[in-house]
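Source file: my_file-v8.cif (mmCIF, C-alpha atoms)
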data_run
#
loop_
_atom_site.label_atom_id
_atom_site.label_comp_id
_atom_site.auth_asym_id
_atom_site.auth_seq_id
_atom_site.Cartn_x
_atom_site.Cartn_y
_atom_site.Cartn_z
CA MET D 1 34.56 17.57 5.46
CA GLY D 2 31.88 19.77 7.00
CA GLY D 3 32.10 21.92 3.89
CA PHE D 4 31.00 19.04 1.73
CA ARG D 5 27.95 18.30 3.86
CA GLN D 6 27.04 21.95 4.01
CA GLY D 7 27.39 22.28 0.27
CA VAL D 8 25.14 19.31 -0.32
CA GLU D 9 22.59 20.52 2.18
CA ALA D 10 22.49 24.00 0.70
CA SER D 11 21.80 22.51 -2.73
CA VAL D 12 18.70 20.55 -1.74
CA PRO D 13 16.13 23.28 -2.51
CA ALA D 14 17.59 23.86 -5.97
CA LEU D 15 17.78 20.13 -6.65
CA ARG D 16 14.13 19.76 -5.74
CA ARG D 17 13.20 22.60 -8.07
CA TYR D 18 15.21 21.11 -10.92
CA ALA D 19 13.83 17.62 -10.35
CA ARG D 20 10.28 18.91 -10.20
CA ALA D 21 10.63 20.64 -13.54
CA LEU D 22 12.45 17.68 -15.03
CA THR D 23 9.82 15.11 -14.04
CA ARG D 24 6.76 17.36 -13.58
CA ASP D 25 5.77 15.01 -10.75
CA ALA D 26 6.37 16.09 -7.17
CA GLU D 27 6.71 12.63 -5.67
CA LEU D 28 8.90 11.28 -8.39
CA ALA D 29 11.03 14.39 -8.20
CA ASP D 30 11.65 14.00 -4.48
CA ASP D 31 12.51 10.34 -4.97
CA LEU D 32 15.13 11.43 -7.48
CA VAL D 33 16.52 14.01 -5.09
CA GLN D 34 16.71 11.48 -2.30
CA ASP D 35 18.55 8.99 -4.51
CA THR D 36 20.87 11.78 -5.59
CA LEU D 37 21.70 12.71 -2.00
CA VAL D 38 22.29 9.13 -0.97
CA ARG D 39 24.65 8.62 -3.88
CA ALA D 40 26.43 11.88 -3.23
CA LEU D 41 26.99 11.05 0.42
CA ARG D 42 28.23 7.61 -0.45
CA ALA D 43 30.57 9.01 -3.11
CA GLU D 44 31.96 11.83 -1.03
CA HIS D 45 35.47 10.44 -1.46
CA LEU D 46 35.05 10.79 -5.25
CA PHE D 47 34.40 14.47 -5.01
CA HIS D 48 37.69 16.28 -5.58
CA GLY D 49 36.69 19.86 -5.16
CA GLY D 50 34.98 21.98 -7.75
CA ASP D 51 31.37 23.01 -7.74
CA ILE D 52 29.29 20.72 -5.55
CA ARG D 53 26.09 21.96 -7.13
CA SER D 54 27.16 21.00 -10.66
CA TRP D 55 28.28 17.64 -9.38
CA LEU D 56 24.87 17.04 -7.79
CA TYR D 57 23.06 18.16 -10.94
CA THR D 58 25.15 15.63 -12.84
CA ILE D 59 24.16 12.80 -10.52
CA LEU D 60 20.49 13.74 -10.66
CA THR D 61 20.53 14.11 -14.44
CA ASN D 62 22.08 10.68 -14.84
CA LEU D 63 19.65 9.04 -12.43
CA ASN D 64 16.77 10.57 -14.32
CA ARG D 65 18.15 9.31 -17.61
CA ASN D 66 18.40 5.79 -16.19
CA ARG D 67 14.86 6.06 -14.92
CA LEU D 68 13.54 7.07 -18.34
CA ARG D 69 15.45 4.31 -20.04
CA ALA D 70 13.83 1.82 -17.71
CA LEU D 71 10.41 3.36 -18.26
CA ALA D 72 10.84 3.19 -22.01
CA ARG D 73 10.85 -0.57 -21.81
CA ARG D 74 7.22 -0.71 -20.90
CA PRO D 75 4.17 0.97 -22.35
CA THR D 76 2.85 3.90 -20.37
CA MET D 77 -0.62 5.25 -20.28
CA MET D 78 -1.23 8.88 -20.79
CA ALA D 79 -4.36 10.72 -19.84
CA ILE D 80 -6.28 11.81 -22.91
CA ASP D 81 -6.24 15.37 -21.64
CA ASP D 82 -2.48 15.46 -21.97
CA ASN D 83 -2.84 15.32 -25.72
CA ASP D 84 -5.37 18.04 -25.84
CA ALA D 85 -4.79 21.57 -27.04
CA PRO D 86 -3.11 24.08 -24.74
CA ASP D 87 -5.50 25.74 -22.37
CA MET D 88 -6.92 28.98 -23.54
CA ALA D 89 -7.81 30.66 -20.28
CA GLY D 90 -7.70 30.49 -16.52
CA PRO D 91 -5.17 31.70 -13.97
CA GLU D 92 -3.17 28.46 -14.09
CA ALA D 93 -3.27 28.18 -17.85
CA GLY D 94 0.16 29.67 -18.39
CA GLY D 95 1.79 27.30 -15.93
CA ARG D 96 0.10 24.26 -17.36
CA ASP D 97 1.05 25.28 -20.87
CA ILE D 98 4.71 25.57 -20.06
CA GLU D 99 4.53 22.26 -18.21
CA ARG D 100 3.02 20.56 -21.23
CA ALA D 101 5.41 22.26 -23.57
CA LEU D 102 8.34 20.96 -21.51
CA ALA D 103 6.81 17.50 -21.65
CA THR D 104 7.07 17.48 -25.43
CA LEU D 105 10.85 17.98 -25.38
CA VAL D 106 13.45 15.31 -25.88
CA GLU D 107 15.05 14.60 -22.51
CA ASP D 108 18.49 16.01 -23.34
CA GLN D 109 16.94 19.22 -24.60
CA ARG D 110 14.73 19.60 -21.55
CA THR D 111 17.73 19.03 -19.28
CA ALA D 112 19.84 21.62 -21.09
CA LEU D 113 17.09 24.21 -21.09
CA LEU D 114 16.21 23.77 -17.42
CA LEU D 115 19.80 23.85 -16.25
CA VAL D 116 20.32 27.14 -18.03
CA VAL D 117 17.00 28.86 -17.50
CA LEU D 118 15.90 27.57 -14.12
CA GLU D 119 19.17 26.68 -12.43
CA GLY D 120 21.33 29.39 -13.93
CA LEU D 121 24.24 27.18 -14.92
CA THR D 122 26.64 28.50 -17.53
CA TYR D 123 26.81 26.79 -20.91
CA ARG D 124 30.15 25.32 -19.92
CA GLU D 125 28.72 23.88 -16.71
CA VAL D 126 25.81 22.37 -18.61
CA ALA D 127 28.27 20.83 -21.08
CA GLU D 128 30.04 19.20 -18.14
CA VAL D 129 26.83 17.96 -16.56
CA GLN D 130 25.68 16.44 -19.84
CA GLY D 131 29.13 15.24 -20.86
CA VAL D 132 28.98 16.88 -24.29
CA PRO D 133 30.73 19.76 -26.10
CA ILE D 134 29.32 23.26 -25.66
CA GLY D 135 28.18 23.27 -29.29
CA THR D 136 25.86 20.37 -28.49
CA VAL D 137 24.45 22.24 -25.53
CA MET D 138 23.78 25.24 -27.76
CA SER D 139 21.94 23.19 -30.34
CA ARG D 140 19.89 21.44 -27.64
CA LEU D 141 18.98 24.78 -26.20
CA ALA D 142 18.02 26.16 -29.61
CA ARG D 143 15.90 23.14 -30.46
CA ALA D 144 14.21 23.17 -27.08
CA ARG D 145 13.26 26.80 -27.49
CA MET D 146 11.93 26.29 -31.00
CA GLN D 147 9.93 23.26 -29.94
CA ILE D 148 8.34 25.13 -27.04
CA LYS D 149 7.50 28.01 -29.31
CA ASP D 150 5.92 25.67 -31.83
CA TYR D 151 3.94 23.97 -29.10
CA LEU D 152 2.67 27.21 -27.67
CA ASP D 153 1.85 28.50 -31.14
CA GLY D 154 -0.32 25.46 -31.62
CA ARG D 155 1.81 23.90 -34.34
CA ARG D 156 1.73 20.46 -32.85
CA PRO D 157 3.05 17.19 -34.23
CA PRO D 158 0.77 15.79 -36.95
CA LEU D 159 -0.43 12.93 -34.73
CA ARG D 160 -2.81 15.27 -32.98
CA ARG D 161 -6.46 15.23 -33.94
CA VAL D 162 -6.65 12.14 -36.08
CA LYS D 163 -10.18 12.08 -37.27
CA MET V 164 17.78 33.18 -39.26
CA ILE V 165 21.34 34.30 -39.14
CA ASP V 166 24.00 33.48 -41.74
CA ARG V 167 27.30 32.09 -40.71
CA ASP V 168 29.12 35.25 -41.75
CA SER V 169 26.67 37.66 -40.20
CA PRO V 170 27.99 39.85 -37.44
CA VAL V 171 25.81 38.21 -34.76
CA THR V 172 25.39 34.46 -34.36
CA THR V 173 22.40 32.48 -33.12
CA ASP V 174 24.49 31.34 -30.18
CA GLU V 175 25.02 34.95 -29.27
CA LEU V 176 21.29 35.56 -29.30
CA HIS V 177 20.83 32.72 -26.82
CA ALA V 178 23.68 34.03 -24.71
CA TYR V 179 22.04 37.45 -24.79
CA VAL V 180 18.78 35.98 -23.46
CA ASP V 181 20.65 33.97 -20.82
CA ASP V 182 22.86 36.84 -19.68
CA MET V 183 25.97 35.01 -20.73
CA LEU V 184 27.05 37.33 -23.50
CA PRO V 185 30.44 38.99 -22.98
CA PRO V 186 29.69 42.65 -22.19
CA ASP V 187 31.68 43.90 -25.16
CA ARG V 188 29.32 42.07 -27.55
CA ARG V 189 26.16 43.52 -26.10
CA PRO V 190 26.06 46.68 -28.22
CA ALA V 191 26.52 44.67 -31.43
CA VAL V 192 23.72 42.28 -30.53
CA GLU V 193 21.38 45.06 -29.50
CA ALA V 194 22.10 46.95 -32.71
CA TRP V 195 21.40 43.78 -34.66
CA LEU V 196 18.09 43.18 -32.92
CA ALA V 197 17.01 46.76 -33.59
CA THR V 198 17.20 46.13 -37.30
CA HIS V 199 16.13 42.46 -37.41
CA PRO V 200 12.57 42.13 -36.11
CA ASP V 201 12.41 38.35 -36.65
CA ASP V 202 15.37 37.79 -34.37
CA ALA V 203 14.03 40.33 -31.91
CA ALA V 204 10.77 38.36 -31.82
CA HIS V 205 12.68 35.15 -31.12
CA VAL V 206 14.59 36.76 -28.30
CA ALA V 207 11.35 38.04 -26.79
CA GLN V 208 9.76 34.58 -27.02
CA TRP V 209 12.75 32.86 -25.43
CA ARG V 210 12.67 35.36 -22.60
CA ALA V 211 8.96 34.77 -22.07
CA GLN V 212 9.55 31.00 -22.00
CA ALA V 213 12.28 31.37 -19.41
CA GLU V 214 10.08 33.57 -17.28
CA ALA V 215 7.19 31.12 -17.52
CA ILE V 216 9.46 28.26 -16.44
CA ARG V 217 10.83 30.23 -13.51
CA ALA V 218 7.37 31.40 -12.51
CA HIS V 219 6.01 27.88 -12.58
CA TYR V 220 8.81 26.04 -10.78
CA GLY V 221 10.75 28.69 -8.91
CA ALA V 222 8.64 28.41 -5.78
CA VAL V 223 9.69 24.78 -5.23
CA ALA V 224 13.05 25.97 -3.98
CA GLU V 225 11.33 28.21 -1.43
CA GLU V 226 9.43 25.31 0.17
CA PRO V 227 10.80 24.13 3.51
CA THR V 228 12.98 21.09 2.97
CA PRO V 229 11.11 17.91 3.94
CA ASP V 230 12.58 15.77 6.71
CA ARG V 231 13.29 12.93 4.35
CA PHE V 232 16.26 14.90 3.02
CA ASP V 233 17.94 15.13 6.40
CA LEU V 234 21.52 14.30 5.52
CA ASP V 235 22.43 12.75 8.85
CA ARG V 236 19.66 10.28 8.46
CA LEU V 237 20.47 9.59 4.81
CA ALA V 238 24.09 8.97 5.67
CA VAL V 239 23.54 6.44 8.46
CA GLY V 240 24.88 2.97 7.83
CA GLY V 241 26.67 1.35 4.93
CA ARG V 242 23.60 1.44 2.75
CA PRO V 243 21.98 4.67 3.81
CA TRP V 244 18.72 4.21 1.99
CA ARG V 245 17.94 1.26 4.20
CA ALA V 246 18.27 3.40 7.26
CA VAL V 247 15.87 5.75 5.62
CA ALA V 248 13.49 2.94 4.91
CA LEU V 249 13.43 1.89 8.53
CA ALA V 250 13.84 5.18 10.31
CA GLY V 251 11.95 7.29 7.86
CA ILE V 252 8.59 5.67 8.21
CA ALA V 253 7.14 8.68 9.93
CA ALA V 254 8.23 10.86 7.06
CA ALA V 255 6.94 8.32 4.58
CA LEU V 256 3.65 8.23 6.41
CA ILE V 257 3.09 11.93 6.27
CA GLY V 258 4.55 12.48 2.82
CA CYS V 259 2.96 9.56 1.10
CA VAL V 260 -0.46 9.71 2.62
CA VAL V 261 -0.66 13.33 1.69
CA GLY V 262 0.74 12.55 -1.72
CA TRP V 263 -1.69 9.74 -2.27
CA LEU V 264 -4.70 11.70 -1.10
CA ALA V 265 -3.67 14.70 -3.11
CA HIS V 266 -3.13 12.56 -6.12
CA GLY V 267 -6.72 12.68 -7.23
CA ALA V 268 -6.41 16.41 -7.60
CA SER V 269 -3.02 16.50 -9.24
CA ALA V 270 -2.79 17.01 -12.96
CA GLY V 271 0.26 14.86 -13.64
CA ALA V 272 0.24 11.25 -14.71
CA PRO V 273 0.62 8.82 -11.81
CA SER V 274 4.20 7.99 -11.03
CA ALA V 275 5.52 4.52 -11.68
CA PHE V 276 5.36 3.88 -7.93
CA GLU V 277 1.72 4.84 -7.81
CA GLN V 278 0.84 2.71 -10.79
CA PHE V 279 2.63 -0.25 -9.31
CA THR V 280 0.94 0.17 -5.94
CA ALA V 281 -2.46 0.68 -7.53
CA GLU V 282 -2.00 -2.53 -9.50
CA ALA V 283 -1.24 -4.49 -6.34
CA LEU V 284 -4.02 -2.86 -4.36
CA ASN V 285 -6.57 -3.63 -7.05
CA ALA V 286 -5.57 -7.27 -7.07
CA HIS V 287 -5.76 -7.27 -3.29
CA LYS V 288 -9.28 -5.87 -3.31
CA VAL V 289 -10.49 -8.30 -5.94
CA TYR V 290 -9.20 -11.44 -4.28
CA VAL V 291 -9.45 -10.92 -0.54
CA VAL V 292 -13.24 -10.98 -0.76
CA GLU V 293 -13.23 -14.29 -2.61
CA VAL V 294 -14.75 -17.02 -0.51
CA ARG V 295 -14.13 -20.05 -2.68
CA HIS V 296 -11.15 -19.14 -4.86
CA PRO V 297 -8.99 -16.55 -3.13
CA ILE V 298 -5.84 -18.33 -4.25
CA GLU V 299 -4.80 -20.68 -7.03
CA VAL V 300 -2.23 -22.82 -5.27
CA GLN V 301 -2.29 -23.79 -1.60
CA ALA V 302 0.57 -22.93 0.72
CA GLY V 303 1.33 -26.59 1.34
CA GLU V 304 2.00 -27.43 -2.27
CA ASP V 305 5.65 -27.79 -3.22
CA HIS V 306 5.39 -26.10 -6.57
CA LEU V 307 3.94 -22.82 -5.27
CA LEU V 308 7.22 -20.91 -4.93
CA PRO V 309 9.14 -22.46 -7.84
CA TRP V 310 6.20 -21.84 -10.14
CA LEU V 311 5.68 -18.20 -9.18
CA SER V 312 9.44 -17.58 -9.10
CA ARG V 313 9.82 -18.93 -12.60
CA ARG V 314 6.98 -16.83 -13.96
CA VAL V 315 8.01 -13.62 -12.25
CA GLY V 316 11.65 -14.26 -13.08
CA ALA V 317 13.03 -13.84 -9.58
CA ASN V 318 13.74 -16.09 -6.68
CA LEU V 319 10.64 -15.36 -4.65
CA ARG V 320 9.87 -16.16 -1.06
CA ALA V 321 6.73 -15.66 0.94
CA PRO V 322 7.58 -13.91 4.19
CA ASN V 323 6.76 -15.62 7.44
CA LEU V 324 4.23 -13.40 9.21
CA GLU V 325 3.13 -15.75 11.95
CA SER V 326 4.20 -13.27 14.61
CA TYR V 327 1.18 -11.29 13.45
CA SER V 328 -1.05 -14.37 13.50
CA LEU V 329 -0.99 -14.31 9.72
CA LYS V 330 -1.01 -17.70 8.15
CA LEU V 331 0.02 -18.15 4.54
CA MET V 332 -2.95 -19.44 2.54
CA GLY V 333 -1.21 -19.73 -0.82
CA GLY V 334 -0.64 -17.67 -3.92
CA ARG V 335 -1.68 -16.85 -7.42
CA LEU V 336 -0.26 -15.53 -10.65
CA LEU V 337 -1.45 -12.19 -12.00
CA PRO V 338 -0.72 -9.97 -14.97
CA GLY V 339 1.42 -7.03 -13.80
CA LEU V 340 2.67 -3.82 -15.33
CA ASN V 341 6.04 -5.25 -16.31
CA GLY V 342 5.16 -8.90 -16.71
CA PRO V 343 3.77 -11.62 -14.48
CA ALA V 344 3.17 -10.80 -10.84
CA ALA V 345 2.86 -13.10 -7.85
CA MET V 346 0.45 -12.51 -5.01
CA PHE V 347 0.56 -14.39 -1.73
CA MET V 348 -2.40 -14.24 0.61
CA TYR V 349 -2.37 -14.43 4.38
CA GLU V 350 -5.21 -14.73 6.84
CA THR V 351 -5.66 -14.15 10.57
CA PRO V 352 -7.77 -16.55 12.63
CA ALA V 353 -10.41 -13.82 12.59
CA GLY V 354 -10.47 -13.92 8.79
CA GLU V 355 -8.63 -10.67 8.09
CA ARG V 356 -6.64 -10.97 4.90
CA TYR V 357 -3.37 -9.47 3.81
CA THR V 358 -1.55 -9.91 0.54
CA PHE V 359 2.10 -9.79 -0.48
CA TYR V 360 2.58 -8.83 -4.11
CA CYS V 361 5.84 -9.11 -6.06
CA SER V 362 6.64 -8.21 -9.62
CA ARG V 363 9.39 -6.74 -11.71
CA SER V 364 9.76 -3.04 -11.27
CA ASN V 365 11.60 -0.65 -13.51
CA THR V 366 11.75 2.09 -10.96
CA ALA V 367 14.63 3.00 -8.73
CA ARG V 368 14.97 1.55 -5.28
CA THR V 369 12.73 3.16 -2.77
CA ALA V 370 12.08 3.25 0.92
CA LEU V 371 8.86 1.91 2.38
CA ARG V 372 5.92 3.95 1.16
CA TYR V 373 2.47 3.83 2.67
CA ASN V 374 -0.61 4.49 0.55
CA ALA V 375 -4.20 4.33 1.72
CA ALA V 376 -7.13 3.97 -0.65
CA GLY V 377 -10.43 3.59 1.11
CA ASP V 378 -10.62 0.62 3.44
CA ALA V 379 -7.44 -0.92 2.15
CA ALA V 380 -3.90 0.33 2.26
CA ALA V 381 -0.59 -0.71 0.81
CA VAL V 382 3.07 -0.38 1.61
CA LEU V 383 5.46 -0.48 -1.32
CA TRP V 384 9.18 -0.82 -1.60
CA VAL V 385 11.53 -1.66 -4.42
CA GLU V 386 14.68 -3.67 -4.02
CA GLY V 387 16.86 -4.65 -6.95
CA ASP V 388 14.54 -5.10 -9.89
CA ILE V 389 11.61 -6.34 -7.86
CA GLY V 390 8.85 -4.26 -6.36
CA TYR V 391 7.00 -5.54 -3.28
CA VAL V 392 3.64 -4.41 -2.00
CA VAL V 393 2.05 -5.47 1.27
CA SER V 394 -1.68 -4.72 1.28
CA GLY V 395 -4.25 -5.07 4.01
CA PRO V 396 -6.84 -3.23 6.04
CA ALA V 397 -6.05 0.46 6.39
CA GLU V 398 -4.53 0.34 9.85
CA ARG V 399 -1.37 2.28 9.39
CA ASN V 400 0.83 1.09 12.23
CA ARG V 401 0.00 -2.54 11.93
CA LEU V 402 0.45 -2.55 8.17
CA LEU V 403 3.77 -0.78 8.44
CA ASP V 404 4.94 -3.24 11.09
CA ILE V 405 3.99 -6.16 8.89
CA ALA V 406 5.60 -4.58 5.84
CA GLN V 407 8.76 -3.92 7.80
CA THR V 408 8.95 -7.52 8.88
CA ALA V 409 8.45 -8.71 5.32
CA TYR V 410 10.98 -6.19 4.15
CA GLN V 411 13.61 -7.39 6.62
CA GLN V 412 13.05 -10.98 5.58
CA MET V 413 13.43 -10.10 1.90
CA GLU V 414 16.49 -8.00 2.69
CA ALA V 415 18.21 -10.93 4.33
CA ARG V 416 18.72 -12.58 0.97
CA VAL V 417 20.82 -12.11 -2.13
CA PRO V 418 19.75 -9.54 -4.71
CA THR V 419 17.43 -10.88 -7.34
CA ARG V 420 19.38 -9.40 -10.22
CA ALA V 421 21.56 -12.47 -10.47
CA THR V 422 18.59 -14.63 -11.32
CA GLU V 423 17.66 -12.59 -14.35
CA ASN V 424 17.05 -14.79 -17.38
CA LEU V 425 18.13 -17.84 -15.45
CA PRO V 426 15.90 -20.75 -14.68
CA ILE V 427 15.31 -21.18 -10.99
CA ALA V 428 18.04 -23.51 -9.90
CA ARG V 429 16.49 -25.67 -7.23
CA ARG V 430 13.11 -26.35 -8.66
CA GLY V 431 10.91 -28.34 -6.39
CA SER V 432 13.35 -28.23 -3.53
#
Serialized structure, structure tokens:
Amino acid sequence: MGGFRQGVEASVPALRRYARALTRDAELADDLVQDTLVRALRAEHLFHGGDIRSWLYTILTNLNRNRLRALARRPTMMAIDDNDAPDMAGPEAGGRDIERALATLVEDQRTALLLVVLEGLTYREVAEVQGVPIGTVMSRLARARMQIKDYLDGRRPPLRRVK
Amino acid sequence: MIDRDSPVTTDELHAYVDDMLPPDRRPAVEAWLATHPDDAAHVAQWRAQAEAIRAHYGAVAEEPTPDRFDLDRLAVGGRPWRAVALAGIAAALIGCVVGWLAHGASAGAPSAFEQFTAEALNAHKVYVVEVRHPIEVQAGEDHLLPWLSRRVGANLRAPNLESYSLKLMGGRLLPGLNGPAAMFMYETPAGERYTFYCSRSNTARTALRYNAAGDAAAVLWVEGDIGYVVSGPAERNRLLDIAQTAYQQMEARVPTRATENLPIARRGS
């Protein structure tokens, strides 16, 4: 099964990119990728052909969902800056804005958007990764795009700026 | 936006942006956009978003793949991650030290691992300098382990580190991120102190990770639902050796998951 190994290996750079965008934390992202690879190697016998990349995205997406579920059980602290307005200037401002905008998305929406936009999966492939009908993928995509637009336009949730 | 019976659907606009529109629908969509400026504006915004995302994250895939993702190494043994934990220390050293040092400059919130390690390291720093009350309960007292096990909610054990001339002094209970935490303290004849910290962790299993912060350093790993941190003076090799020994001793026992919500069976034994 050299083909399997090769397929997994060739997917690592894309998995790291996806995980980085998904978590917006380099270390966490690489932990996720490592867990994904370990699981994939262990489950090689469960892989019955098809697209290895989609299969790996599915594993990573599920691991990330489990991670967030676990995190949700305890309070997290967020730097005050994270709630501040989008940056107005600076060379990195655009990158930080999109990062923050992604952070405001519901996880399923962020996943759908990144798989399409960053990883170039088809809608059907995303539906398989997320285990939902294509219509659900389309509405996640639409909501994600509207939410990002609203964020970048400065129409933020009403919790901001309580004075 | 678009009515249900309009010639172009919202889904088609997304497909147009994502290059997934069947070619025969392209002219219709383009004609629609030419006469519907609101939709054209949406399409332009979605494109700009996609470009911003690709510009911001695309380069990650161009980075050389770190050694920790070497598949041969990941695949070794029945439980590959353990092989990584033991064989991948060099990678962990480089990756994590850099990660930890770079952390001050990074914009993101600290990862769960970092928070957990920082918690343990802070406790370490506070208590190792204590002359009179470094610990609450002495090592010799029978109730030390049952008490801390009950509070943390896992069957805890203090590793035997005498091969490093580290003698167990005792332990104490601390508030942790996910509930009570236990900290055991060890001392060399020369008075150097090390601590072994255990608490519930909600993060995924991880290999040994080394983090240095000033004079002190910590090695973290997560097994089952418990995170462990060995802290001591920032001497990398020695600390990693000690952590590895502790790790192997903890590994040699049943997973802690089974003890969840159960009272510790052999109290006082």
Which polymer residues have any atom within 10 Å of an atom of Tyr18 (chain D), counting only C-alpha atoms, with same-chain residues fewer than 2 positions away left out, as a short mmCIF file (atom, residue, chain, number, x, y, z; two decimals) with C-alpha atoms, keeping the file's coordinate frame?
data_model
loop_
_atom_site.label_atom_id
_atom_site.label_comp_id
_atom_site.auth_asym_id
_atom_site.auth_seq_id
_atom_site.Cartn_x
_atom_site.Cartn_y
_atom_site.Cartn_z
CA VAL D 12 18.70 20.55 -1.74
CA PRO D 13 16.13 23.28 -2.51
CA ALA D 14 17.59 23.86 -5.97
CA LEU D 15 17.78 20.13 -6.65
CA ARG D 16 14.13 19.76 -5.74
CA ARG D 20 10.28 18.91 -10.20
CA ALA D 21 10.63 20.64 -13.54
CA LEU D 22 12.45 17.68 -15.03
CA THR D 23 9.82 15.11 -14.04
CA ARG D 24 6.76 17.36 -13.58
CA ALA D 29 11.03 14.39 -8.20
CA VAL D 33 16.52 14.01 -5.09
CA TYR D 57 23.06 18.16 -10.94
CA LEU D 60 20.49 13.74 -10.66
CA THR D 61 20.53 14.11 -14.44
CA THR D 111 17.73 19.03 -19.28
CA LEU D 114 16.21 23.77 -17.42
CA LEU D 115 19.80 23.85 -16.25
CA LEU D 118 15.90 27.57 -14.12
CA GLU D 119 19.17 26.68 -12.43
CA TYR V 220 8.81 26.04 -10.78
CA GLY V 221 10.75 28.69 -8.91
CA VAL V 223 9.69 24.78 -5.23
CA ALA V 224 13.05 25.97 -3.98
#
Applying the PyMOL selection byres ((chain D) within 8 of (chain V)) to the file I just gave you, which residues come out? Please list them as an MDAnalysis selection string.
chainID D and resid 5 9 12:17 20:21 24:25 27:28 31 34 37:38 41:42 67 70:71 74 78:79 94:95 98:99 116:118 122 138 142 145 148:149
Between CA of Ala321 (chain V) and CA of Asp378 (chain V), what is the distance, to one decimal in Å?
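Rounded to one decimal, the two atoms are 23.9 Å apart.
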Could you state the separation of CA of His45 (chain D) and CA of Val8 (chain D) in Å, given to one decimal place?
13.7 Å
Counting only C-alpha atoms, what is within 10 Å of Leu105 (chain D), bar same-chain residues fewer than 3 positions away, as a list of chain:residue names?
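Here the qualifying residues turn out to be D:Arg100, D:Ala101, D:Leu102, D:Asp108, D:Gln109, D:Arg110, D:Thr111, D:Leu113, D:Arg140, D:Arg143, D:Ala144, D:Arg145, D:Gln147, D:Ile148, D:Tyr151.
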Just to confirm, what's the straight-line distance from CA of Tyr391 (chain V) to CA of Tyr360 (chain V) in Å (one decimal)?
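CA of Tyr360 (chain V) lies at a distance of 5.6 Å from CA of Tyr391 (chain V).
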Do you know which residues lie at most 12 Å from (4.5, -2.6, 8.4), with coordinates as in the file and all atoms listed in the file counted, and could you write them as a CSV table (one decimal) with C-alpha atoms, keeping the file's coordinate frame?
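Output file selection.csv is given in full below:
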chain,number,residue,atom,x,y,z
V,248,ALA,CA,13.5,2.9,4.9
V,249,LEU,CA,13.4,1.9,8.5
V,252,ILE,CA,8.6,5.7,8.2
V,253,ALA,CA,7.1,8.7,9.9
V,255,ALA,CA,6.9,8.3,4.6
V,256,LEU,CA,3.6,8.2,6.4
V,324,LEU,CA,4.2,-13.4,9.2
V,327,TYR,CA,1.2,-11.3,13.4
V,357,TYR,CA,-3.4,-9.5,3.8
V,359,PHE,CA,2.1,-9.8,-0.5
V,371,LEU,CA,8.9,1.9,2.4
V,372,ARG,CA,5.9,4.0,1.2
V,373,TYR,CA,2.5,3.8,2.7
V,374,ASN,CA,-0.6,4.5,0.6
V,380,ALA,CA,-3.9,0.3,2.3
V,381,ALA,CA,-0.6,-0.7,0.8
V,382,VAL,CA,3.1,-0.4,1.6
V,383,LEU,CA,5.5,-0.5,-1.3
V,384,TRP,CA,9.2,-0.8,-1.6
V,392,VAL,CA,3.6,-4.4,-2.0
V,393,VAL,CA,2.0,-5.5,1.3
V,394,SER,CA,-1.7,-4.7,1.3
V,395,GLY,CA,-4.2,-5.1,4.0
V,396,PRO,CA,-6.8,-3.2,6.0
V,397,ALA,CA,-6.0,0.5,6.4
V,398,GLU,CA,-4.5,0.3,9.8
V,399,ARG,CA,-1.4,2.3,9.4
V,400,ASN,CA,0.8,1.1,12.2
V,401,ARG,CA,0.0,-2.5,11.9
V,402,LEU,CA,0.4,-2.6,8.2
V,403,LEU,CA,3.8,-0.8,8.4
V,404,ASP,CA,4.9,-3.2,11.1
V,405,ILE,CA,4.0,-6.2,8.9
V,406,ALA,CA,5.6,-4.6,5.8
V,407,GLN,CA,8.8,-3.9,7.8
V,408,THR,CA,9.0,-7.5,8.9
V,409,ALA,CA,8.4,-8.7,5.3
V,410,TYR,CA,11.0,-6.2,4.2
V,411,GLN,CA,13.6,-7.4,6.6
